[in-house]
$ cat upload-v9.txt   # compact mmCIF, C-alpha atoms and all ligand atoms
# COMPACT_ATOMS: atom_id res chain seq x y z
CA MET A 1 -14.70 123.44 80.39
CA THR A 2 -17.61 123.60 82.80
CA ILE A 3 -17.18 125.59 85.94
CA PRO A 4 -19.57 125.14 88.86
CA PRO A 5 -21.37 128.31 89.98
CA GLY A 6 -19.33 130.22 92.52
CA PHE A 7 -16.07 128.78 91.27
CA ASN A 8 -13.24 131.32 91.31
CA ILE A 9 -13.32 132.34 87.67
CA ARG A 10 -10.12 134.35 87.83
CA ALA A 11 -8.23 131.26 88.87
CA ALA A 12 -9.97 129.30 86.16
CA GLN A 13 -9.03 131.74 83.44
CA VAL A 14 -5.34 131.70 83.96
CA ALA A 15 -3.37 128.87 82.50
CA PRO A 16 -2.66 125.82 84.62
CA ALA A 17 0.50 125.98 86.68
CA SER A 18 2.11 123.43 84.36
CA VAL A 19 2.36 126.09 81.67
CA SER A 20 5.26 128.46 82.18
CA HIS A 21 4.48 132.13 81.72
CA ARG A 22 7.56 133.68 83.26
CA PRO A 23 9.16 136.43 81.26
CA TYR A 24 12.16 135.06 79.36
CA GLY A 25 15.66 135.91 80.52
CA PRO A 26 17.89 135.44 83.52
CA SER A 27 16.62 136.09 87.05
CA THR A 28 13.62 138.18 86.16
CA GLY A 29 13.12 138.90 89.85
CA GLY A 30 9.61 140.11 89.13
CA VAL A 31 10.95 143.23 87.42
CA GLY A 32 10.89 142.06 83.85
CA ASN A 33 12.74 144.97 82.26
CA GLU A 34 15.98 143.09 81.56
CA THR A 35 14.96 142.69 77.94
CA MET A 36 13.82 146.29 77.38
CA PRO A 37 15.71 147.88 74.47
CA PRO A 38 18.33 150.42 75.59
CA GLY A 39 17.32 154.06 75.66
CA PHE A 40 13.66 153.46 76.56
CA LYS A 41 11.95 154.33 79.81
CA ALA A 42 8.67 152.54 80.41
CA GLU A 43 6.65 150.75 83.00
CA VAL A 44 6.85 146.98 82.62
CA ALA A 45 3.52 145.21 82.14
CA GLN A 46 2.59 142.32 84.41
CA LEU A 47 -0.27 140.67 82.55
CA ASP A 48 -2.63 137.87 83.44
CA THR A 49 -2.64 135.00 80.99
CA PHE A 50 -6.01 133.69 79.88
CA LYS A 51 -6.68 130.17 78.73
CA LEU A 52 -9.28 129.99 76.00
CA PRO A 53 -11.82 127.16 76.00
CA GLU A 54 -11.91 124.59 73.18
CA HIS A 55 -15.10 126.20 71.89
CA ALA A 56 -16.87 129.39 72.94
CA THR A 57 -20.43 128.71 74.04
CA GLY A 58 -22.89 130.85 75.92
CA SER A 59 -22.08 129.05 79.19
CA LEU A 60 -21.72 131.00 82.40
CA SER A 61 -17.97 130.37 82.50
CA ASN A 62 -17.59 131.61 78.91
CA ARG A 63 -19.64 134.70 79.68
CA ARG A 64 -17.44 135.44 82.68
CA LEU A 65 -14.32 134.85 80.63
CA GLY A 66 -15.63 137.16 77.90
CA ARG A 67 -16.28 139.86 80.49
CA ALA A 68 -12.79 139.38 81.95
CA LEU A 69 -11.22 139.75 78.49
CA VAL A 70 -13.18 142.93 77.80
CA ASP A 71 -12.22 144.33 81.23
CA ALA A 72 -8.54 143.49 80.66
CA TRP A 73 -8.55 145.17 77.23
CA ARG A 74 -10.21 148.25 78.73
CA ARG A 75 -7.69 148.36 81.59
CA ASP A 76 -4.43 147.23 79.96
CA GLY A 77 -5.05 147.51 76.21
CA ILE A 78 -3.53 144.04 75.78
CA ILE A 79 -4.09 140.49 76.97
CA GLN A 80 -1.97 137.35 76.96
CA ILE A 81 -3.45 134.00 75.93
CA ALA A 82 -1.78 130.68 76.67
CA MET A 83 -0.57 128.47 73.83
CA SER A 84 -1.32 124.78 73.95
CA ASP A 85 1.52 122.33 73.24
CA ALA A 86 0.24 121.99 69.66
CA GLN A 87 0.24 125.78 69.26
CA ARG A 88 3.79 126.01 70.57
CA GLU A 89 4.80 123.59 67.86
CA LEU A 90 3.06 125.68 65.18
CA TRP A 91 4.90 128.76 66.46
CA GLU A 92 8.28 126.99 66.51
CA ASP A 93 7.78 125.74 62.94
CA ALA A 94 6.64 129.15 61.72
CA LYS A 95 9.54 130.85 63.50
CA ALA A 96 12.01 128.44 61.88
CA ALA A 97 10.49 129.30 58.47
CA SER A 98 10.86 133.00 59.24
CA HIS A 99 14.54 132.53 60.16
CA ARG A 100 15.07 130.57 56.94
CA PHE A 101 13.47 133.31 54.87
CA PHE A 102 15.31 136.27 56.40
CA ARG A 103 18.65 134.44 56.05
CA GLU A 104 18.12 134.21 52.26
CA PRO A 105 20.25 136.46 50.03
CA HIS A 106 18.74 139.90 49.47
CA GLY A 107 17.99 139.16 45.80
CA GLU A 108 15.88 136.12 46.66
CA LYS A 109 13.85 138.10 49.19
CA ALA A 110 13.49 141.18 47.01
CA ALA A 111 12.02 139.01 44.24
CA CYS A 112 9.04 138.23 46.48
CA VAL A 113 6.82 141.09 45.33
CA ASP A 114 3.44 141.17 43.62
CA SER A 115 2.22 144.18 41.69
CA GLN A 116 -1.44 143.66 42.61
CA SER A 117 -1.34 142.56 46.24
CA TYR A 118 0.67 144.03 49.10
CA ALA A 119 1.87 140.54 50.02
CA GLY A 120 5.58 139.74 50.01
CA TYR A 121 8.86 141.28 51.04
CA ILE A 122 9.34 144.71 52.57
CA ALA A 123 13.01 145.58 52.97
CA SER A 124 14.39 147.25 56.08
CA GLY A 125 13.80 150.99 55.65
CA GLU A 126 11.04 150.55 53.03
CA GLU A 127 8.03 150.89 55.33
CA VAL A 128 7.09 154.41 56.34
CA THR A 129 5.23 155.27 59.54
CA ASP A 130 4.35 158.94 59.87
CA GLY A 131 6.83 159.87 57.16
CA ILE A 132 9.80 158.16 58.83
CA ALA A 133 11.38 154.87 57.73
CA ASP A 134 10.97 151.80 59.93
CA TYR A 135 13.87 149.35 60.02
CA SER A 136 11.78 146.25 60.40
CA GLU A 137 12.17 143.68 57.62
CA ILE A 138 8.85 142.07 56.78
CA PHE A 139 7.13 139.36 54.78
CA THR A 140 3.42 140.16 54.52
CA ILE A 141 0.90 137.39 53.85
CA THR A 142 -2.47 138.35 52.42
CA LYS A 143 -5.10 136.11 50.79
CA ASP A 144 -3.29 134.21 48.04
CA LEU A 145 -5.48 134.83 45.00
CA GLY A 146 -4.23 133.72 41.58
CA PRO A 147 -4.81 135.50 38.26
CA SER A 148 -7.99 133.54 37.54
CA ASP A 149 -9.73 134.70 40.73
CA PRO A 150 -12.66 136.91 39.65
CA ARG A 151 -11.65 139.66 42.11
CA VAL A 152 -8.14 139.74 40.69
CA ARG A 153 -9.49 139.72 37.13
CA ALA A 154 -11.78 142.60 38.07
CA ARG A 155 -8.67 144.48 39.37
CA TRP A 156 -9.93 144.95 42.90
CA PRO A 157 -7.34 146.90 44.93
CA CYS A 158 -4.97 144.77 47.06
CA HIS A 159 -6.23 141.49 45.55
CA GLY A 160 -3.53 139.27 44.05
CA SER A 161 -1.06 136.47 44.73
CA CYS A 162 1.19 135.93 47.69
CA PRO A 163 4.71 135.75 46.20
CA TRP A 164 6.11 132.93 48.33
CA PRO A 165 9.87 132.35 48.36
CA ASN A 166 11.43 129.13 47.04
CA ILE A 167 11.95 127.75 50.53
CA ASN A 168 9.68 125.88 52.89
CA MET A 169 7.65 128.79 54.28
CA LYS A 170 4.13 128.66 52.84
CA GLU A 171 3.07 125.46 54.55
CA PRO A 172 4.21 126.22 58.15
CA MET A 173 2.81 129.74 57.87
CA ALA A 174 -0.52 128.44 56.58
CA ARG A 175 -0.83 126.08 59.56
CA TYR A 176 0.10 128.84 62.01
CA ASN A 177 -2.38 131.28 60.45
CA GLU A 178 -5.16 128.73 60.27
CA ASP A 179 -4.91 128.16 64.00
CA LEU A 180 -4.92 131.89 64.73
CA GLY A 181 -8.00 132.21 62.54
CA ILE A 182 -9.75 129.80 64.90
CA GLN A 183 -8.47 131.67 67.99
CA GLY A 184 -9.54 134.97 66.46
CA GLU A 185 -13.12 133.79 65.92
CA LYS A 186 -13.22 132.42 69.45
CA LEU A 187 -11.97 135.70 70.89
CA LEU A 188 -14.64 137.62 68.97
CA GLN A 189 -17.34 135.25 70.24
CA LEU A 190 -16.07 135.73 73.80
CA ALA A 191 -15.91 139.50 73.27
CA GLU A 192 -19.57 139.43 72.14
CA LEU A 193 -20.46 137.63 75.38
CA GLY A 194 -18.38 140.08 77.41
CA LEU A 195 -19.92 143.09 75.71
CA GLY A 196 -23.41 141.67 76.17
CA VAL A 197 -24.29 141.94 72.49
CA SER A 198 -26.02 139.26 70.47
CA PRO A 199 -23.99 136.41 68.97
CA GLY A 200 -22.77 137.37 65.52
CA SER A 201 -22.59 141.10 66.25
CA LEU A 202 -18.83 140.96 65.59
CA THR A 203 -18.37 137.68 63.75
CA ARG A 204 -20.87 138.63 61.04
CA TYR A 205 -18.09 140.77 59.60
CA THR A 206 -15.38 138.10 59.48
CA ARG A 207 -16.99 135.74 56.96
CA ASP A 208 -14.19 135.49 54.38
CA GLY A 209 -12.27 137.93 56.60
CA TRP A 210 -9.34 139.82 55.14
CA HIS A 211 -7.00 138.25 57.69
CA HIS A 212 -3.32 138.84 57.05
CA THR A 213 0.01 138.32 58.76
CA ARG A 214 3.27 140.17 59.09
CA VAL A 215 6.36 138.02 59.55
CA LEU A 216 8.81 140.43 61.16
CA ARG A 217 12.54 140.67 61.72
CA PHE A 218 14.07 143.61 63.53
CA PRO A 219 17.81 144.20 63.07
CA PRO A 220 20.01 144.99 66.06
CA ARG A 221 19.92 148.72 66.78
CA ASN A 222 23.34 149.52 65.36
CA ALA A 223 22.89 147.61 62.13
CA THR A 224 20.09 149.42 60.36
CA ASN A 225 21.05 148.91 56.77
CA GLY A 226 23.36 151.92 56.91
CA LYS A 227 20.38 154.25 56.83
CA GLY A 228 20.18 155.44 60.38
CA LYS A 229 22.35 155.63 63.44
CA GLU A 230 20.40 153.67 65.96
CA GLY A 231 17.28 153.49 63.87
CA ARG A 232 13.88 152.50 65.09
CA GLY A 233 11.79 149.36 64.83
CA ILE A 234 8.26 150.52 64.02
CA GLY A 235 6.93 153.95 64.88
CA SER A 236 3.82 154.31 67.03
CA HIS A 237 0.59 153.33 65.30
CA THR A 238 -2.69 151.55 65.65
CA ASP A 239 -3.59 148.61 63.40
CA TYR A 240 -6.62 148.51 61.22
CA GLY A 241 -9.12 145.78 61.91
CA LEU A 242 -10.52 143.88 64.88
CA LEU A 243 -7.76 141.92 66.65
CA VAL A 244 -3.98 141.67 66.40
CA ILE A 245 -2.66 138.36 67.72
CA SER A 246 1.12 138.64 68.08
CA THR A 247 3.91 136.34 69.11
CA GLN A 248 7.44 137.47 69.88
CA ASP A 249 10.69 135.66 70.53
CA GLU A 250 12.74 136.17 73.68
CA VAL A 251 14.53 139.39 72.63
CA GLY A 252 11.96 142.11 73.43
CA GLY A 253 10.95 145.42 71.82
CA LEU A 254 7.16 145.92 71.99
CA PHE A 255 5.60 148.90 73.80
CA ILE A 256 1.93 149.83 74.07
CA ARG A 257 -0.18 152.65 75.51
CA ARG A 258 -3.04 151.87 77.84
CA PRO A 259 -6.54 153.06 76.92
CA SER A 260 -7.13 156.57 78.20
CA HIS A 261 -10.01 158.94 77.74
CA LYS A 262 -7.41 161.71 77.66
CA GLU A 263 -5.92 160.21 74.49
CA ARG A 264 -8.43 159.47 71.81
CA PHE A 265 -7.17 158.42 68.43
CA ALA A 266 -9.41 157.66 65.46
CA ASN A 267 -7.00 156.36 62.84
CA TRP A 268 -9.67 156.07 60.14
CA GLU A 269 -10.33 159.82 60.37
CA LYS A 270 -6.89 161.21 61.11
CA SER A 271 -3.68 159.20 61.06
CA ALA A 272 -2.66 157.88 64.47
CA ALA A 273 0.81 157.07 63.11
CA GLY A 274 3.64 158.67 65.03
CA LEU A 275 1.39 159.95 67.80
CA ARG A 276 2.90 160.20 71.27
CA GLU A 277 5.98 158.42 69.96
CA ASP A 278 8.37 160.24 72.30
CA ASP A 279 5.96 160.96 75.15
CA ASP A 280 5.95 159.34 78.57
CA GLY A 281 3.35 156.74 79.37
CA TRP A 282 4.50 153.77 77.28
CA VAL A 283 4.24 150.31 78.79
CA TYR A 284 6.82 147.67 77.90
CA ILE A 285 5.48 144.19 77.08
CA PRO A 286 8.25 141.77 78.08
CA PRO A 287 8.46 138.55 76.09
CA VAL A 288 6.77 135.70 77.92
CA GLU A 289 7.28 132.13 76.84
CA GLY A 290 4.23 130.20 75.64
CA VAL A 291 1.80 133.07 75.06
CA HIS A 292 0.28 135.11 72.27
CA THR A 293 -0.63 138.73 73.00
CA VAL A 294 -3.86 140.25 71.68
CA ILE A 295 -4.44 143.95 71.10
CA LEU A 296 -7.33 145.68 69.36
CA GLY A 297 -7.63 147.46 66.04
CA ASP A 298 -9.42 150.47 64.59
CA MET A 299 -12.58 148.62 63.53
CA MET A 300 -13.11 147.25 67.04
CA GLN A 301 -12.95 150.80 68.35
CA TYR A 302 -15.42 152.11 65.77
CA ILE A 303 -17.84 149.20 66.24
CA THR A 304 -17.86 149.59 70.03
CA HIS A 305 -18.17 153.41 70.11
CA ASN A 306 -14.74 153.67 71.80
CA TYR A 307 -15.79 151.24 74.55
CA LEU A 308 -12.85 149.12 73.38
CA THR A 309 -10.13 151.23 71.78
CA ALA A 310 -7.42 150.43 69.26
CA THR A 311 -4.16 149.94 71.16
CA PRO A 312 -1.34 152.32 70.18
CA HIS A 313 1.96 150.47 70.01
CA LYS A 314 5.52 150.76 68.72
CA VAL A 315 8.61 148.59 68.50
CA GLY A 316 12.13 149.56 69.60
CA LEU A 317 15.30 147.97 68.26
CA ASN A 318 17.26 145.92 70.75
CA THR A 319 20.90 144.89 71.05
CA ARG A 320 20.11 141.63 69.24
CA GLU A 321 17.92 140.91 66.23
CA ARG A 322 14.30 140.14 67.10
CA PHE A 323 11.72 137.95 65.34
CA ALA A 324 7.97 138.31 65.76
CA PHE A 325 4.65 137.63 64.03
CA ALA A 326 1.60 139.85 63.92
CA TYR A 327 -1.60 138.16 62.74
CA PHE A 328 -4.49 140.51 61.95
CA HIS A 329 -8.02 139.14 62.36
CA GLU A 330 -10.09 141.38 60.13
CA PRO A 331 -13.51 142.04 58.65
CA SER A 332 -14.13 140.99 55.07
CA PHE A 333 -12.56 143.40 52.57
CA GLN A 334 -16.12 144.04 51.41
CA ALA A 335 -17.60 144.67 54.85
CA VAL A 336 -19.08 148.01 55.80
CA VAL A 337 -18.84 148.02 59.59
CA ARG A 338 -21.28 149.94 61.73
CA PRO A 339 -21.34 150.74 65.46
CA LEU A 340 -23.16 148.28 67.72
CA GLU A 341 -26.54 149.11 69.06
CA GLY A 342 -26.93 148.59 72.80
CA GLY A 343 -24.78 146.24 74.85
CA CYS A 344 -22.52 146.50 77.87
CA GLY A 345 -25.35 147.21 80.27
CA GLY A 346 -26.11 150.55 78.62
CA MET A 347 -22.47 151.55 78.31
CA LEU A 348 -22.81 151.37 74.56
CA HIS A 349 -25.28 153.99 73.47
CA ASP A 350 -28.12 153.07 71.23
CA SER A 351 -27.18 154.52 67.91
CA PHE A 352 -29.87 156.97 67.02
CA GLU A 353 -27.62 158.42 64.42
CA ASP A 354 -27.62 156.88 61.02
CA TYR A 355 -23.96 155.95 60.83
CA GLU A 356 -22.54 155.79 57.39
CA GLY A 357 -20.20 153.00 58.47
CA ILE A 358 -16.62 152.30 57.43
CA HIS A 359 -15.79 150.23 54.40
CA TYR A 360 -12.95 148.06 55.69
CA GLY A 361 -11.42 147.50 52.22
CA THR A 362 -11.07 151.24 51.73
CA HIS A 363 -9.49 151.68 55.17
CA PHE A 364 -7.04 148.84 54.45
CA THR A 365 -6.16 150.25 51.02
CA ASN A 366 -5.64 153.76 52.43
CA MET A 367 -3.33 152.42 55.12
CA PHE A 368 -1.22 150.32 52.76
CA MET A 369 -0.92 153.10 50.18
CA ARG A 370 0.24 155.39 52.98
CA ASN A 371 2.78 152.89 54.35
CA TYR A 372 4.20 151.93 50.95
CA PRO A 373 4.02 155.00 48.72
CA ASP A 374 6.83 153.78 46.45
CA ARG A 375 5.83 150.14 46.13
CA ILE A 376 4.92 148.79 42.70
CA THR A 377 1.49 147.82 44.04
CA THR A 378 0.70 151.43 44.97
CA LYS A 379 1.99 152.72 41.64
CA ARG A 380 -0.09 150.23 39.67
CA LEU A 381 -3.18 150.91 41.78
CA ILE A 382 -2.88 154.61 40.92
CA ALA A 383 -1.82 154.15 37.30
CA GLU A 384 -4.76 151.85 36.59
CA ASP A 385 -7.18 154.03 38.53
CA ARG A 386 -8.25 151.05 40.64
CA TYR A 387 -8.99 153.11 43.73
CA LYS A 388 -12.34 154.25 42.39
CA LEU A 389 -13.57 150.65 42.34
CA LEU A 390 -13.71 150.81 46.15
CA ALA A 391 -16.86 152.94 45.83
CA GLU A 392 -18.71 150.30 43.82
CA LYS A 393 -21.56 148.41 45.41
CA GLU A 394 -20.09 145.02 44.56
CA LEU A 395 -16.98 145.84 46.58
CA ARG A 396 -19.07 146.99 49.52
CA THR A 397 -21.36 143.98 49.73
CA MET A 398 -20.11 140.93 51.60
CA ASP A 399 -20.02 137.71 49.57
CA SER A 400 -20.66 139.45 46.28
CA VAL A 401 -18.36 138.24 43.50
CA PRO A 402 -17.72 140.11 40.27
CA ALA A 403 -19.13 138.45 37.16
CA SER A 404 -16.24 137.18 35.07
O1 LIG A 501 6.76 143.34 66.55
C1 LIG A 501 5.71 143.35 67.19
O2 LIG A 501 5.62 142.79 68.28
C2 LIG A 501 4.51 144.10 66.67
C3 LIG A 501 4.61 144.46 65.22
C4 LIG A 501 3.57 145.43 64.78
O3 LIG A 501 3.13 146.29 65.49
C5 LIG A 501 3.02 145.33 63.42
O4 LIG A 501 3.53 144.54 62.62
O5 LIG A 501 2.05 146.06 63.10
FE FE A 502 1.20 146.98 64.74
$ encode --input "upload-v9.txt" --output "structure tokens" --more "lines below"
Ligand SMILES: O=C(O)CCC(=O)C(=O)O
Ligand SMILES: [Fe+2]
Amino acid sequence: MTIPPGFNIRAAQVAPASVSHRPYGPSTGGVGNETMPPGFKAEVAQLDTFKLPEHATGSLSNRRLGRALVDAWRRDGIIQIAMSDAQRELWEDAKAASHRFFREPHGEKAACVDSQSYAGYIASGEEVTDGIADYSEIFTITKDLGPSDPRVRARWPCHGSCPWPNINMKEPMARYNEDLGIQGEKLLQLAELGLGVSPGSLTRYTRDGWHHTRVLRFPPRNATNGKGKEGRGIGSHTDYGLLVISTQDEVGGLFIRRPSHKERFANWEKSAAGLREDDDGWVYIPPVEGVHTVILGDMMQYITHNYLTATPHKVGLNTRERFAFAYFHEPSFQAVVRPLEGGCGGMLHDSFEDYEGIHYGTHFTNMFMRNYPDRITTKRLIAEDRYKLLAEKELRTMDSVPAS
């Protein structure tokens, strides 16, 4: 897409009128809260939808788009990006696979567990956020690494197979995730342009990125596995890496908090889980047909010195079951991320300090051990004393592979 100088970039960013981005539901009337779960009070977001170019280049239009994305994240904490027709098809196929999986008998789903990876089934009530059970039902997809993979043989934490169910799920999910991998890279390249940092400042970390996906089902609020009265979906939290690209069906349940200098979380230092859960100030993100939403994770906040902050969010249970996907575009497990130097017209401070950096694999492992204290993967990790491997140089050097 080439845009002549002086062209109205804001108009160019938003999707063409042929793409519908109305909130789902009857007569939205510009209000958009018809789908908000009962019992919640929140402002309803009205978000611009951006259309990403085929490829990110350093062109003027891409630089302007990058700046607009960065501004929108700083203002709203979330952006919407338009799906192409092909992407809508990927989403429909993946959603059908998710419905198939969650309709399986409990025994079939519960068998989808791996003792070395955190991939597979998480029953409603199994995940813990800030010490309280979430009622989401989840299938997590991490890198599918068989027993002969050198990292699995070397017993690296969180490295293992993805225990796929015996239904057609792997293939549609792989195609969906592959596309989001491409969108994720493009968004990082545009963010680099918007931040005014050199190309590769962010994408250098995502070579062999530890991207993963959560396939989510939320039960209706009064059917929470008998464990709670009305239950909750997912408690407030921030996610761990760079970008979270999510897609939700028409039911509704997602809330976020806008960036605010009065609220500063740093999840890698002190858990942000459960924070502000019952406070005012949440913004409801109504489902909009034909879009993905993109929020930011902990590593983006650390890398940008809080210029872009991880977006706190939570999910409420609605009157109907809800299906969603969250795709996490992450640094390599082995990456040690460090704050950027310069950028954003001086808004990012030159880092005179010698930052130690954050080892992403350790952050990921800490978060999953915290969320799943009783899972076999956590027990095995502890029993086999695997955690200490995270300190080894090999695990903290991108592209290094253990000798087998
Ligand atoms: O259901 C959603 O829209 C978001 C889910 C979420 O926050 C997560 O899986 O971490
Ligand atoms: Fe999340």
$ residues_around --input "upload-v9.txt" --residues "range 237-252 of chain A" --least-positions-apart "4" --cutoff "6 Å" --atoms "all atoms listed in the file" --output "list in words"
Tyr24, Thr35, Ala272, Ala273, Pro286, Pro287, His292, Thr293, Val294, Ile295, Leu296, Gly297, Asp298, Met299, Met300, Thr311, Pro312, His313, Arg322, Phe323, Ala324, Phe325, Ala326, Tyr327, Phe328, His329 and Glu330 of chain A
$ closest_residue --input "upload-v9.txt" --among "A:Leu317, A:Leu202, A:Val197, A:Leu275" --to "Arg221 in chain A" --atoms "only C-alpha atoms"
A:Leu317
$ atom_distance --input "upload-v9.txt" --atom1 "CA of Gly131 in chain A" --atom2 "CA of Glu263 in chain A"
21.5 Å
$ closest_residue --input "upload-v9.txt" --among "A:Ile81, A:Ile141, A:Ala97, A:Val44" --to "Pro172 in chain A" --atoms "all atoms listed in the file"
A:Ala97
$ residues_around --input "upload-v9.txt" --residues "range 147-151 of chain A" --least-positions-apart "2" --cutoff "12 Å" --atoms "all atoms listed in the file" --output "list in words"
Asp114, Ser115, Gln116, Ser117, Lys143, Asp144, Leu145, Arg153, Ala154, Arg155, Trp156, Pro157, Cys158, His159, Gly160, Ser161, Cys162, Phe333, Gln334, Arg386, Leu389, Glu394, Leu395, Asp399, Ser400, Val401, Pro402, Ala403 and Ser404 of chain A
$ atom_distance --input "upload-v9.txt" --atom1 "CA of Gly290 in chain A" --atom2 "CA of Thr57 in chain A"
24.8 Å
$ residues_around --input "upload-v9.txt" --residues "Leu69 in chain A" --least-positions-apart "6" --cutoff "8 Å" --atoms "all atoms listed in the file" --output "list in words"
Ile79, Leu190, Ala191 and Gly194 of chain A
$ residues_around --input "upload-v9.txt" --residues "Tyr372 in chain A" --least-positions-apart "3" --cutoff "7 Å" --atoms "all atoms listed in the file" --output "list of chain:residue names"
A:Glu127, A:Val128, A:Phe368, A:Met369, A:Arg375, A:Thr378
$ residues_around --input "upload-v9.txt" --residues "Lys186 in chain A" --least-positions-apart "6" --cutoff "12 Å" --atoms "all atoms listed in the file" --output "MDAnalysis selection string"
chainID A and resid 51:58 62 65:66 69 81 179:180 192:193 199:200 202:203 206 243 329
$ atom_distance --input "upload-v9.txt" --atom1 "CA of His261 in chain A" --atom2 "CA of Asn306 in chain A"
9.2 Å
